[in-house]
Amino acid sequence: MASLPDNPDALYGDVIMDHYRSPRHRAPLRSADVEAEEFNPFCGDRATLQLRLGRPRHDAPAIEDVSALAEGCSIIQASASLLADNLHGRTLEQAADLSQLFRDLMQGKPLPPVALSELGDLEALEVVRQYPVRIKCALLPWVALEEGLRRLSRRSPAGG
Amino acid sequence: MTATNGDPHGSSYGALTADDVARIRMDFPVLDQLINGKPLVYLDNAATTQKPRPVIDAISNYYLHNNANVHRGVHTLSQRATDDYEVGREAIRRFINAPDSSEIIYVRGTTEGLNLVASSYGRKFFKAGDEVIITGMEHHSNIVPWQILGKEIGIRLRVIPFTDQGELLMDEYESMLNERTRLVSVVHQSNALGTINPVSSIVEMAHARGIPVMIDAAQSIPHMPVDVQAMGADFLTFSGHKMYGPTGIGVLWGRADLLNEMPPYQSGGEMIRSVTYEETIYNVIPHKFEAGTPDIAGAIGLGAAVEYLEAIGMDRIAAYEQALMRYGAERLAEIEGVRLIGTAENRGGVLSFYMESAHAHDIGTILDAEGIAVRTGHHCAQPVMARYEIPATVRASLSFYNTTEEIDALIKGIDRVIEVFG
């Protein structure tokens, strides 16, 4: 059921509050294959993302370890924590696909039928769409992910 | 118009009564609306104030009846537009008690006023090794222009520190003044803390060493009497939209002898007296600094805003807003988990606060759901946030159209925040 913007309880639901209060995967990695940091200069929010890749399986290495550290409001923290939770075991290509799917979710674009199972508990962030000024909070960790992936593909043009 | 007529700063009148405020609110059409089903409680006046009907009418009257370019045509409309544009300038001169209306330069706002002085005065009079003194509670617009100039010609920025309450350490300031100091550029009222700085003392100490002083009055001029001669300032700048006028217009006031010495800031039409390919002779002040077609409607609207404020009386406005701020500060202090940032003895209608349990943006969203508009973030004063080691604050900033009931609504809204975030 769509919730109304005049009920902030809708925004601050169980999943978001759980990931805000106990964010996962915040510890920095000692070594990382993918690294990026993004800022929102208007509000001072910051998201730092690190990925470590495992050995290639069928030519595509999977993400073995993730660190997502966000400074800012509940939405950016929950988004970073959920992102980290959902990247484990994915290939870089799958990570890029998930990022696109999440963007489409936040921007209200029509989603393919497989989207719901792909997104899993990330769907809890869909409610943010009803608070347009907060969408950028939810997206910032994903912008960091996309920037990290771009950097990696520039470094090794064959990969990704 | 609701208010009593009288002398510009209304010093013979007491504070506004609840009836006065109720009548004033009717001058502001925007206030009468529901936001998310709740009556709008507009507490973001330090970002921009709402506009009273006389200002809106002055702007639409110009476009409906008098629209023409200024200082150019001999036709009737151009004459009318020029007259109204210059009447606005005279109203502003009177409002800040400047000696002469030629010292009132229309700019886009405080940011442009500061940039104009940095660019024109700074480039002409500063050299490598010179120093400019600012305070630790400046808006970014009184930091960055000096940094840019610093990189260009090698000047050094000195910053006056302040106490936890938000009061400048005047001894530190005095010890910074030296033979290399070329300018002191300070904020009158801090946008993030509300502190009203002792500008007269700041000027006195600088002048004792022959150093000119620039005042950023963006946050003070809407809320208290500002008299450039009593203050002794050399430059003063402010924005129209924070003082109930339109956006896109503001004022730089400067002493005529300084302005006359300064090169133009921008060039083109209006600012010239004669142009040949060999040489251009610049126009006199203020036109020397007003290149191109100005924001005519903005200047006319700002003139109307000044007249509106004069009619109420700046002393009465200051007294009323002080009382409202003290009430708000007391109510906020009663809430456990709320920390007021900026508790200077002498401060204006700014209630900036921090909560450990909830980030400022989350508080802002919950308050918005209750119809309450506040600013959340660093308020373009990141060094101030760093000073208190916090990422952001929630800022409720007051106007004379706000009421104690609206403060109560804010307190209730914060109770909601605590319900959600604990």
# chains A, B, ... in the order shown; residues from 1 in each chain; ligands from 1

$ interface_residues --of "chain B" --to "chain A" --cutoff "10 Å" --atoms "only C-alpha atoms" --output "number ranges by chain"
B: 35-38, 357-363, 365-371, 376-380, 382, 391-392, 416-417, 419-421

$ write_last_selection --atoms "C-alpha atoms" --output "CSV table (one decimal), in the first residue's frame"
chain,number,residue,atom,x,y,z
B,35,ILE,CA,1.5,21.9,3.8
B,36,ASN,CA,1.0,18.1,4.0
B,37,GLY,CA,-2.4,18.8,5.5
B,38,LYS,CA,-1.0,21.1,8.3
B,357,SER,CA,19.6,10.4,17.9
B,358,ALA,CA,18.6,11.7,14.5
B,359,HIS,CA,20.4,13.3,11.6
B,360,ALA,CA,19.3,16.8,10.7
B,361,HIS,CA,17.8,15.7,7.4
B,362,ASP,CA,15.6,13.1,9.1
B,363,ILE,CA,14.5,15.8,11.5
B,365,THR,CA,11.6,15.4,6.8
B,366,ILE,CA,9.6,14.7,9.9
B,367,LEU,CA,9.1,18.4,10.6
B,368,ASP,CA,8.0,18.9,6.9
B,369,ALA,CA,5.4,16.2,7.4
B,370,GLU,CA,4.0,18.5,10.2
B,371,GLY,CA,4.0,21.5,7.8
B,376,THR,CA,18.9,21.4,7.7
B,377,GLY,CA,22.6,21.0,6.8
B,378,HIS,CA,25.8,23.0,7.2
B,379,HIS,CA,24.2,26.3,6.3
B,380,CYS,CA,27.1,27.2,3.9
B,382,GLN,CA,31.2,24.2,7.1
B,391,PRO,CA,28.0,17.3,10.4
B,392,ALA,CA,24.9,19.5,10.3
B,416,ARG,CA,7.5,13.3,16.8
B,417,VAL,CA,11.2,13.0,15.9
B,419,GLU,CA,9.0,9.1,18.9
B,420,VAL,CA,10.5,7.8,15.6
B,421,PHE,CA,14.2,7.9,16.5

$ select_by_dssp --residues "stretch 92-280 of chain B" --states "strand (DSSP E)" --output "number ranges by chain"
B: 104-107, 131-135, 156-160, 181-187, 213-216, 235-239, 250-254, 272-275, 280

$ write_last_selection --atoms "C-alpha atoms" --output "JSON list (two decimals), in the first residue's frame"
[["chain", "number", "residue", "atom", "x", "y", "z"],
["B", 104, "ILE", "CA", 24.32, 52.57, -2.82],
["B", 105, "ILE", "CA", 25.35, 50.09, -5.49],
["B", 106, "TYR", "CA", 22.81, 47.55, -6.67],
["B", 107, "VAL", "CA", 24.28, 44.05, -6.86],
["B", 131, "GLU", "CA", 46.45, 40.04, 5.44],
["B", 132, "VAL", "CA", 42.64, 40.04, 5.52],
["B", 133, "ILE", "CA", 40.89, 39.26, 8.81],
["B", 134, "ILE", "CA", 37.56, 37.42, 8.92],
["B", 135, "THR", "CA", 35.74, 35.64, 11.77],
["B", 156, "ARG", "CA", 46.93, 35.61, 3.91],
["B", 157, "LEU", "CA", 43.56, 35.01, 5.58],
["B", 158, "ARG", "CA", 43.44, 35.40, 9.37],
["B", 159, "VAL", "CA", 40.45, 33.98, 11.24],
["B", 160, "ILE", "CA", 39.15, 35.30, 14.59],
["B", 181, "THR", "CA", 46.35, 43.94, 7.70],
["B", 182, "ARG", "CA", 44.63, 45.54, 4.70],
["B", 183, "LEU", "CA", 40.98, 44.78, 5.45],
["B", 184, "VAL", "CA", 38.73, 43.36, 8.16],
["B", 185, "SER", "CA", 35.66, 41.65, 6.64],
["B", 186, "VAL", "CA", 33.22, 40.32, 9.23],
["B", 187, "VAL", "CA", 29.71, 39.00, 9.49],
["B", 213, "VAL", "CA", 36.16, 47.26, 7.67],
["B", 214, "MET", "CA", 33.57, 45.48, 5.55],
["B", 215, "ILE", "CA", 30.36, 44.21, 7.15],
["B", 216, "ASP", "CA", 28.29, 41.29, 5.84],
["B", 235, "PHE", "CA", 31.68, 48.76, 3.27],
["B", 236, "LEU", "CA", 28.43, 46.97, 4.06],
["B", 237, "THR", "CA", 26.54, 44.49, 1.92],
["B", 238, "PHE", "CA", 23.22, 42.66, 2.10],
["B", 239, "SER", "CA", 20.64, 40.73, 0.06],
["B", 250, "GLY", "CA", 21.07, 43.29, -3.11],
["B", 251, "VAL", "CA", 23.19, 46.23, -2.10],
["B", 252, "LEU", "CA", 26.81, 47.08, -1.62],
["B", 253, "TRP", "CA", 27.26, 50.30, 0.28],
["B", 254, "GLY", "CA", 30.74, 51.78, 0.39],
["B", 272, "ILE", "CA", 30.84, 54.22, -19.08],
["B", 273, "ARG", "CA", 30.90, 57.93, -19.72],
["B", 274, "SER", "CA", 32.48, 57.78, -23.17],
["B", 275, "VAL", "CA", 33.95, 55.01, -25.29],
["B", 280, "THR", "CA", 36.99, 54.48, -22.18]]

$ select_by_dssp --residues "stretch 14-88 of chain A" --states "helix (DSSP H, G or I)" --output "JSON, numbers by chain"
{"A": [14, 15, 16, 17, 18, 19, 20, 21, 74, 75, 76, 77, 78, 79, 80, 81, 82, 83, 84, 85, 86, 87]}

$ residues_around --residues "A:Arg155" --least-positions-apart "6" --cutoff "12 Å" --atoms "only C-alpha atoms" --output "PDB file with C-alpha atoms, in the first residue's frame"
ATOM      1  CA  ASP A  33      40.159  -3.965  -5.841  1.00  0.00           C
ATOM      2  CA  VAL A  34      37.432  -1.368  -6.213  1.00  0.00           C
ATOM      3  CA  GLY A 148      34.330   2.418  -8.461  1.00  0.00           C
ATOM      4  CA  LEU A 149      33.296   0.084 -11.274  1.00  0.00           C
TER       5      LEU A 149
END

$ atom_distance --atom1 "atom CA of A:Gln50" --atom2 "atom CA of A:Arg150"
13.3 Å

$ residues_around --residues "A:Ala70" --least-positions-apart "5" --cutoff "9 Å" --atoms "only C-alpha atoms" --output "JSON, numbers by chain"
{"A": [26, 45, 46, 47, 48, 49, 76, 77, 78, 79, 80, 81, 140, 141]}

$ write_last_selection --atoms "C-alpha atoms" --output "PDB file, in the first residue's frame"
ATOM      1  CA  ARG A  26      31.174  -0.752   7.825  1.00  0.00           C
ATOM      2  CA  ASP A  45      26.761  13.435   3.158  1.00  0.00           C
ATOM      3  CA  ARG A  46      29.556  11.039   2.255  1.00  0.00           C
ATOM      4  CA  ALA A  47      29.645   7.427   1.058  1.00  0.00           C
ATOM      5  CA  THR A  48      32.790   5.309   0.846  1.00  0.00           C
ATOM      6  CA  LEU A  49      32.732   1.945  -0.876  1.00  0.00           C
ATOM      7  CA  ILE A  76      22.026   7.053   3.186  1.00  0.00           C
ATOM      8  CA  GLN A  77      23.144   4.773   6.015  1.00  0.00           C
ATOM      9  CA  ALA A  78      20.401   2.229   5.355  1.00  0.00           C
ATOM     10  CA  SER A  79      21.058   2.358   1.620  1.00  0.00           C
ATOM     11  CA  ALA A  80      24.808   1.779   2.087  1.00  0.00           C
ATOM     12  CA  SER A  81      24.199  -1.102   4.476  1.00  0.00           C
ATOM     13  CA  LEU A 140      24.798   8.263  -3.062  1.00  0.00           C
ATOM     14  CA  PRO A 141      26.313   4.868  -2.075  1.00  0.00           C
TER      15      PRO A 141
END

$ atom_distance --atom1 "atom CA of A:Leu139" --atom2 "atom CA of A:Arg103"
7.3 Å

$ closest_residue --among "B:Ile414, B:Ala46, B:Val384, B:Ala319" --to "B:Ile341" --atoms "only C-alpha atoms"
B:Val384

$ residues_around --residues "stretch 66-77 of chain B" --least-positions-apart "2" --cutoff "10 Å" --atoms "only C-alpha atoms" --output "PDB file with N, CA and C atoms, in the first residue's frame"
ATOM      1  N   ILE B  59       6.390  45.086  -7.755  1.00  0.00           N
ATOM      2  CA  ILE B  59       7.027  44.397  -8.887  1.00  0.00           C
ATOM      3  C   ILE B  59       6.025  44.240 -10.033  1.00  0.00           C
ATOM      4  N   SER B  60       4.811  43.803  -9.702  1.00  0.00           N
ATOM      5  CA  SER B  60       3.854  43.577 -10.790  1.00  0.00           C
ATOM      6  C   SER B  60       3.396  44.914 -11.378  1.00  0.00           C
ATOM      7  N   ASN B  61       3.336  45.947 -10.560  1.00  0.00           N
ATOM      8  CA  ASN B  61       2.973  47.273 -11.068  1.00  0.00           C
ATOM      9  C   ASN B  61       4.007  47.765 -12.089  1.00  0.00           C
ATOM     10  N   TYR B  62       5.276  47.507 -11.801  1.00  0.00           N
ATOM     11  CA  TYR B  62       6.329  47.901 -12.740  1.00  0.00           C
ATOM     12  C   TYR B  62       6.140  47.180 -14.081  1.00  0.00           C
ATOM     13  N   TYR B  63       5.914  45.858 -14.009  1.00  0.00           N
ATOM     14  CA  TYR B  63       5.773  45.113 -15.262  1.00  0.00           C
ATOM     15  C   TYR B  63       4.435  45.408 -15.957  1.00  0.00           C
ATOM     16  N   LEU B  64       3.405  45.692 -15.158  1.00  0.00           N
ATOM     17  CA  LEU B  64       2.086  45.949 -15.761  1.00  0.00           C
ATOM     18  C   LEU B  64       2.012  47.326 -16.410  1.00  0.00           C
ATOM     19  N   GLN B  79      11.359  57.094 -18.251  1.00  0.00           N
ATOM     20  CA  GLN B  79      11.459  58.075 -17.163  1.00  0.00           C
ATOM     21  C   GLN B  79      10.843  57.531 -15.874  1.00  0.00           C
ATOM     22  N   ARG B  80       9.658  56.893 -16.027  1.00  0.00           N
ATOM     23  CA  ARG B  80       8.989  56.314 -14.849  1.00  0.00           C
ATOM     24  C   ARG B  80       9.833  55.200 -14.229  1.00  0.00           C
ATOM     25  N   ALA B  81      10.348  54.321 -15.089  1.00  0.00           N
ATOM     26  CA  ALA B  81      11.146  53.207 -14.574  1.00  0.00           C
ATOM     27  C   ALA B  81      12.384  53.739 -13.857  1.00  0.00           C
ATOM     28  N   THR B  82      13.045  54.733 -14.465  1.00  0.00           N
ATOM     29  CA  THR B  82      14.246  55.318 -13.859  1.00  0.00           C
ATOM     30  C   THR B  82      13.916  55.956 -12.515  1.00  0.00           C
ATOM     31  N   ASP B  83      12.807  56.689 -12.469  1.00  0.00           N
ATOM     32  CA  ASP B  83      12.411  57.345 -11.213  1.00  0.00           C
ATOM     33  C   ASP B  83      12.212  56.307 -10.110  1.00  0.00           C
ATOM     34  N   ASP B  84      11.459  55.244 -10.416  1.00  0.00           N
ATOM     35  CA  ASP B  84      11.165  54.242  -9.387  1.00  0.00           C
ATOM     36  C   ASP B  84      12.438  53.522  -8.942  1.00  0.00           C
ATOM     37  N   TYR B  85      13.295  53.251  -9.914  1.00  0.00           N
ATOM     38  CA  TYR B  85      14.578  52.583  -9.637  1.00  0.00           C
ATOM     39  C   TYR B  85      15.413  53.447  -8.689  1.00  0.00           C
ATOM     40  N   GLU B  86      15.441  54.738  -8.927  1.00  0.00           N
ATOM     41  CA  GLU B  86      16.247  55.648  -8.103  1.00  0.00           C
ATOM     42  C   GLU B  86      15.565  55.972  -6.770  1.00  0.00           C
ATOM     43  N   GLU B 270      26.129  51.362 -19.381  1.00  0.00           N
ATOM     44  CA  GLU B 270      25.767  52.005 -18.115  1.00  0.00           C
ATOM     45  C   GLU B 270      26.974  52.483 -17.313  1.00  0.00           C
ATOM     46  N   HIS B 287      26.994  54.290 -10.917  1.00  0.00           N
ATOM     47  CA  HIS B 287      26.849  53.660 -12.248  1.00  0.00           C
ATOM     48  C   HIS B 287      28.110  52.922 -12.679  1.00  0.00           C
ATOM     49  N   THR B 293      22.074  46.208 -18.147  1.00  0.00           N
ATOM     50  CA  THR B 293      20.728  46.502 -17.643  1.00  0.00           C
ATOM     51  C   THR B 293      20.554  45.850 -16.280  1.00  0.00           C
ATOM     52  N   PRO B 294      20.246  46.622 -15.274  1.00  0.00           N
ATOM     53  CA  PRO B 294      20.156  46.059 -13.920  1.00  0.00           C
ATOM     54  C   PRO B 294      18.839  45.323 -13.688  1.00  0.00           C
ATOM     55  N   ASP B 295      18.692  44.772 -12.493  1.00  0.00           N
ATOM     56  CA  ASP B 295      17.447  44.122 -12.075  1.00  0.00           C
ATOM     57  C   ASP B 295      16.492  45.225 -11.613  1.00  0.00           C
ATOM     58  N   ILE B 296      15.840  45.851 -12.580  1.00  0.00           N
ATOM     59  CA  ILE B 296      15.012  47.029 -12.296  1.00  0.00           C
ATOM     60  C   ILE B 296      13.842  46.655 -11.381  1.00  0.00           C
ATOM     61  N   ALA B 297      13.132  45.596 -11.749  1.00  0.00           N
ATOM     62  CA  ALA B 297      11.994  45.164 -10.932  1.00  0.00           C
ATOM     63  C   ALA B 297      12.463  44.799  -9.529  1.00  0.00           C
TER      64      ALA B 297
END

$ residues_around --residues "B:Gly154" --least-positions-apart "3" --cutoff "12 Å" --atoms "only C-alpha atoms" --output "number ranges by chain"
B: 122-123, 126-132, 146-151, 157

$ residues_around --residues "B:Tyr320" --least-positions-apart "2" --cutoff "7 Å" --atoms "only C-alpha atoms" --output "number ranges by chain"
B: 15-16, 316-318, 322-324, 400

$ atom_distance --atom1 "atom CA of A:Gly54" --atom2 "atom CA of A:Leu87"
12.7 Å
